[in-house]
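**Q** This structure is in structure tokens; I'll ask about it shortly.
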Amino acid sequence: MRAEPAVPVAALAAIRAPFETLGAETVDVPILQPLGLLLDLAGEAMRARLFVVQAAGGEETCLRPDFTVPVVRQHLESGREAGRYYYEGKAFRSALGADQPDEFRQIGLERFAAHGETLEADAEIAALAWASAAAGGRADLTLHLGDIALFSAFLETQGLAPSLAARLKRVAARPRLLAAELARAGAEPGAPDDGRLADLLAGLSEADAASLLEEVWSLAGVEPVGGRGAAEIAQRLIRRADAARAPALTVAQAEAVRRFLAVDDTPAAAFATVRAIAGKSADLEAALNAWSRRLELLAAAGVPADRLRFATALGHAFDYYDGLTFEVRSGALAPDRAVAVGGRYDGLPARLGGKTAVKAVGCMVRPWRAWAGGEA
């Protein structure tokens with residue numbers, strides 16, 4: 001495992017300083033995290049980048065690839081409605097490039113509220129990430145903005161079947177799955193490759209579907225791996241079959257989606273292009289007006305307007321983001337090596353068992369990338 005070099009003490013303190021002004025509670029989370037849960041949130045493609053650990057006969061776990069999910073779980077366990085949590089520590093993901101570290105330091109903050117000023121919180125967190133990244137001394141930073149919710153508002157303008165629109169919204173933050181939907185454009189509904197097994201499972205209760213799948217495994221001498229239970233795998237097979245049989249995008253609709261996802265420009269130009277592609281829609285207009293307010297708040301917080309970009313396809317490795325997304329990038333580093341990332345994930349607490357609605361937004365900074373003398 002390749003460890004990231006240490007950032008000089010003075011530079012690290014400068015990068016950390018913006019986080020220390022917010023009065024957040026300092027937290028730590030276990031270094032071992034449940035593998036199955038993280039694969040649910042990131043998809044199977046993430047498996048190759050995780051460091052898996054399993055004791056004899058125990059549940060598969062992995063070294064924490066990120067802090068957000070365990071911090072959310074910790075917040076839910078506290079029983080509190082609101083909270084601000086600051087963390088700093090090592091995360092572990094297999095590098096995309098041979099010259100990149102697998103072990104690296106993250107500094108971040110997660111903010112939770114039962115209600116409140118969502119746009120103000122979005123701007124506060126994005127401005128925090130910008131201030132921390134800029135404190136590292138790089139003069140070539142750009143704040144790239146996106147919005148998963150804007151994609152949902154755009155889809156509502158396209159006259160899609162409700163089931164198709166819902167499916168596209170679910171895969172909005174997963175480029176591979178979204179590309180698969182676009183590739184199906186114009187196709188007639190049919191059965192998936194694994195449709196025969198899915199047909200056997202369809203209509204059964206979760207317990208009966210899991211029992212049938214376990215019986216199939218036993219007869220075939222198959223031993224499942226990967227931290228997923230029979231019930232979960234059965235439900236996934238059924239959902240895949242349902243998706244294959246569902247209506248597909250028309251060629252014209254797919255082209256409109258592709259044009260939308262290709263938008264990457266200054267915010268004003270990007271929003272004008274979105275309006276031109278989508279046409280008039282009250283929901284879309286409300287979403288774009290909300291962005292005008294976010295931009296005002298970012299400017300008030302000191303983020304230079306000439307350092308902003310808006311990309312409709314901006315997403316992250318984990319698919320729990322459902323609103324604002326952002327990345328701070330350096331011109332000296334490739335786009336997939338962001339200095340800071342973050343966004344809004346209001347739906348994640350419920351996915352992790354939260355019983356009440358929680359508004360959640362957070363960010364993470366990589367100090368080694370933020371420091372001007374660091375990653376190159």
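Going by the structure tokens order, chains are called A, B, ..., each with residues numbered from 1, while ligands are numbered from 1 in the order shown.
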Using only C-alpha atoms, which residues sit within 8 Å of Cys62 of chain A once same-chain residues fewer than 6 positions away are excluded, as a PyMOL selection string?
**A** chain A and resi 32-35+50-53
**Q** List the neighbours of Asp265 of chain A out to 8 Å using only C-alpha atoms; skip same-chain residues closer than 6 positions along the sequence, and give me the result as a ChimeraX atom specification.
**A** /A:309-311
**Q** Output as a tab-separated table one row per residue of segment 64-173 of chain A within 8 Å of segment 326-345 of chain A: the closest atom pair and its distance in Å to one decimal place, counting only C-alpha atoms, sorted by chain and residue number ascending.
**A**
```
residue	atom	partner	partner_atom	distance
A:Asp122	CA	A:Arg344	CA	7.2
A:Ile125	CA	A:Gly342	CA	7.9
A:Ala126	CA	A:Phe326	CA	7.1
A:Ala129	CA	A:Ala340	CA	6.2
A:Trp130	CA	A:Val328	CA	6.6
A:Ala133	CA	A:Val339	CA	6.6
A:Arg138	CA	A:Ser330	CA	7.5
A:Asp140	CA	A:Gly331	CA	5.4
A:Leu141	CA	A:Ser330	CA	4.6
A:Thr142	CA	A:Arg329	CA	5.3
A:Leu143	CA	A:Val328	CA	4.6
A:His144	CA	A:Glu327	CA	5.1
A:Leu145	CA	A:Phe326	CA	4.4
A:Gly146	CA	A:Phe326	CA	5.9
```
**Q** Pull C-alpha atoms from the residues just selected and write them as an mmCIF file, in the first residue's frame.
**A**
```cif
data_model
loop_
_atom_site.group_PDB
_atom_site.id
_atom_site.type_symbol
_atom_site.label_atom_id
_atom_site.label_comp_id
_atom_site.auth_asym_id
_atom_site.auth_seq_id
_atom_site.Cartn_x
_atom_site.Cartn_y
_atom_site.Cartn_z
ATOM 1 C CA ASP A 122 -24.987 24.562 0.520
ATOM 2 C CA ILE A 125 -20.051 24.126 2.815
ATOM 3 C CA ALA A 126 -18.901 24.851 -0.749
ATOM 4 C CA ALA A 129 -14.084 23.662 0.857
ATOM 5 C CA TRP A 130 -12.888 26.506 -1.362
ATOM 6 C CA ALA A 133 -8.247 24.310 -0.614
ATOM 7 C CA ARG A 138 -2.294 26.894 -5.250
ATOM 8 C CA ASP A 140 -4.892 27.683 -10.242
ATOM 9 C CA LEU A 141 -8.016 26.477 -8.446
ATOM 10 C CA THR A 142 -11.525 26.304 -9.935
ATOM 11 C CA LEU A 143 -14.775 25.479 -8.145
ATOM 12 C CA HIS A 144 -16.844 23.114 -10.304
ATOM 13 C CA LEU A 145 -20.531 22.994 -9.389
ATOM 14 C CA GLY A 146 -23.281 20.540 -10.258
#
```
**Q** For segment 28-31 of chain A, please output as a PDB file with N, CA and C atoms, in the first residue's frame all residues within 10 Å (counting only C-alpha atoms; exclusion window: fewer than 4 positions along the same chain).
**A**
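And here's around12.pdb as it stands now:
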```
ATOM      1  N   THR A  61     -15.435  -6.842   5.688  1.00  0.00           N
ATOM      2  CA  THR A  61     -15.327  -5.411   5.933  1.00  0.00           C
ATOM      3  C   THR A  61     -14.257  -4.853   5.010  1.00  0.00           C
ATOM      4  N   CYS A  62     -14.086  -3.543   5.054  1.00  0.00           N
ATOM      5  CA  CYS A  62     -13.036  -2.917   4.259  1.00  0.00           C
ATOM      6  C   CYS A  62     -12.468  -1.733   5.028  1.00  0.00           C
ATOM      7  N   LEU A  63     -11.253  -1.370   4.694  1.00  0.00           N
ATOM      8  CA  LEU A  63     -10.690  -0.156   5.264  1.00  0.00           C
ATOM      9  C   LEU A  63     -11.516   1.026   4.772  1.00  0.00           C
ATOM     10  N   ARG A  64     -11.791   1.971   5.657  1.00  0.00           N
ATOM     11  CA  ARG A  64     -12.712   3.059   5.297  1.00  0.00           C
ATOM     12  C   ARG A  64     -12.201   3.808   4.061  1.00  0.00           C
ATOM     13  N   PRO A  65     -13.012   3.870   3.008  1.00  0.00           N
ATOM     14  CA  PRO A  65     -12.624   4.604   1.812  1.00  0.00           C
ATOM     15  C   PRO A  65     -12.988   6.077   1.890  1.00  0.00           C
ATOM     16  N   ASP A  66     -13.796   6.431   2.895  1.00  0.00           N
ATOM     17  CA  ASP A  66     -14.311   7.785   3.019  1.00  0.00           C
ATOM     18  C   ASP A  66     -14.917   7.909   4.418  1.00  0.00           C
ATOM     19  N   PHE A  67     -15.163   9.144   4.866  1.00  0.00           N
ATOM     20  CA  PHE A  67     -15.698   9.348   6.206  1.00  0.00           C
ATOM     21  C   PHE A  67     -17.199   9.621   6.234  1.00  0.00           C
ATOM     22  N   THR A  68     -17.793  10.030   5.131  1.00  0.00           N
ATOM     23  CA  THR A  68     -19.174  10.510   5.170  1.00  0.00           C
ATOM     24  C   THR A  68     -20.145   9.472   5.706  1.00  0.00           C
ATOM     25  N   VAL A  69     -20.147   8.281   5.146  1.00  0.00           N
ATOM     26  CA  VAL A  69     -21.109   7.258   5.565  1.00  0.00           C
ATOM     27  C   VAL A  69     -20.971   6.927   7.054  1.00  0.00           C
ATOM     28  N   PRO A  70     -19.761   6.639   7.558  1.00  0.00           N
ATOM     29  CA  PRO A  70     -19.676   6.342   8.998  1.00  0.00           C
ATOM     30  C   PRO A  70     -20.042   7.524   9.885  1.00  0.00           C
ATOM     31  N   VAL A  71     -19.799   8.761   9.445  1.00  0.00           N
ATOM     32  CA  VAL A  71     -20.201   9.916  10.243  1.00  0.00           C
ATOM     33  C   VAL A  71     -21.729  10.024  10.271  1.00  0.00           C
ATOM     34  N   ARG A  73     -23.837   7.529  10.048  1.00  0.00           N
ATOM     35  CA  ARG A  73     -24.298   6.468  10.946  1.00  0.00           C
ATOM     36  C   ARG A  73     -24.104   6.871  12.403  1.00  0.00           C
ATOM     37  N   GLN A  74     -22.979   7.504  12.694  1.00  0.00           N
ATOM     38  CA  GLN A  74     -22.716   7.943  14.059  1.00  0.00           C
ATOM     39  C   GLN A  74     -23.720   9.008  14.492  1.00  0.00           C
ATOM     40  N   TYR A  85     -20.072  18.011  12.377  1.00  0.00           N
ATOM     41  CA  TYR A  85     -19.002  17.098  12.777  1.00  0.00           C
ATOM     42  C   TYR A  85     -17.760  17.332  11.908  1.00  0.00           C
ATOM     43  N   TYR A  86     -16.659  17.538  12.591  1.00  0.00           N
ATOM     44  CA  TYR A  86     -15.364  17.751  11.925  1.00  0.00           C
ATOM     45  C   TYR A  86     -14.537  16.476  12.088  1.00  0.00           C
ATOM     46  N   TYR A  87     -13.873  16.070  11.023  1.00  0.00           N
ATOM     47  CA  TYR A  87     -13.003  14.890  11.116  1.00  0.00           C
ATOM     48  C   TYR A  87     -11.701  15.139  10.364  1.00  0.00           C
ATOM     49  N   GLU A  88     -10.683  14.392  10.756  1.00  0.00           N
ATOM     50  CA  GLU A  88      -9.406  14.400  10.056  1.00  0.00           C
ATOM     51  C   GLU A  88      -8.759  13.042  10.271  1.00  0.00           C
ATOM     52  N   GLY A  89      -8.349  12.416   9.194  1.00  0.00           N
ATOM     53  CA  GLY A  89      -7.731  11.106   9.340  1.00  0.00           C
ATOM     54  C   GLY A  89      -7.437  10.477   7.993  1.00  0.00           C
ATOM     55  N   LYS A  90      -6.979   9.233   8.043  1.00  0.00           N
ATOM     56  CA  LYS A  90      -6.596   8.512   6.839  1.00  0.00           C
ATOM     57  C   LYS A  90      -7.795   7.777   6.234  1.00  0.00           C
ATOM     58  N   ALA A  91      -7.846   7.784   4.920  1.00  0.00           N
ATOM     59  CA  ALA A  91      -8.797   6.984   4.161  1.00  0.00           C
ATOM     60  C   ALA A  91      -7.995   6.108   3.215  1.00  0.00           C
ATOM     61  N   PHE A  92      -8.649   5.060   2.693  1.00  0.00           N
ATOM     62  CA  PHE A  92      -7.919   4.054   1.927  1.00  0.00           C
ATOM     63  C   PHE A  92      -8.723   3.643   0.697  1.00  0.00           C
TER      64      PHE A  92
END
```
**Q** Ala187 of chain A: which residues within 10 Å, counting only C-alpha atoms, same-chain residues fewer than 6 positions away excluded, as a compact mmCIF listing (two decimals) with C-alpha atoms, in the first residue's frame?
**A**
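Contents of the output file selection31.txt:
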```txt
# COMPACT_ATOMS: atom_id res chain seq x y z
CA ALA A 244 -35.06 -4.60 -18.73
CA PRO A 247 -39.98 1.27 -21.41
CA ALA A 248 -36.79 2.70 -22.86
CA LEU A 249 -36.02 6.28 -23.83
CA THR A 250 -36.87 7.28 -27.35
CA VAL A 251 -33.95 8.26 -29.55
```
**Q** List as a ChimeraX atom specification the protein and nucleic acid residues near segment 154-162 of chain A, meaning an atom at most 12 Å away when only C-alpha atoms are counted, but skip any in the same chain fewer than 5 places from it.
**A** /A:147-149,167-170,172,246-250,252-261,271,273-288,312
**Q** Pick from A:Val9, A:Ala301, A:Leu128, A:Leu182: nearest to Leu22 of chain A, with only C-alpha atoms counted?
**A**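 Nearest candidate to Leu22 of chain A out of A:Val9, A:Ala301, A:Leu128, A:Leu182: A:Leu128.
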**Q** Need the shell around Asp319 of chain A: protein/DNA/RNA residues with any atom at most 7 Å away, counting only C-alpha atoms. Skip same-chain ones fewer than 6 positions apart. Format as number ranges by chain?
**A** A: 41-42, 173-174
**Q** May I have the residues within 8 Å of Trp371 of chain A as a ChimeraX atom specification, using only C-alpha atoms and disregarding those fewer than 2 positions away in the same chain?
**A** /A:7,11-12,15,133,135-138,367-369,373-375
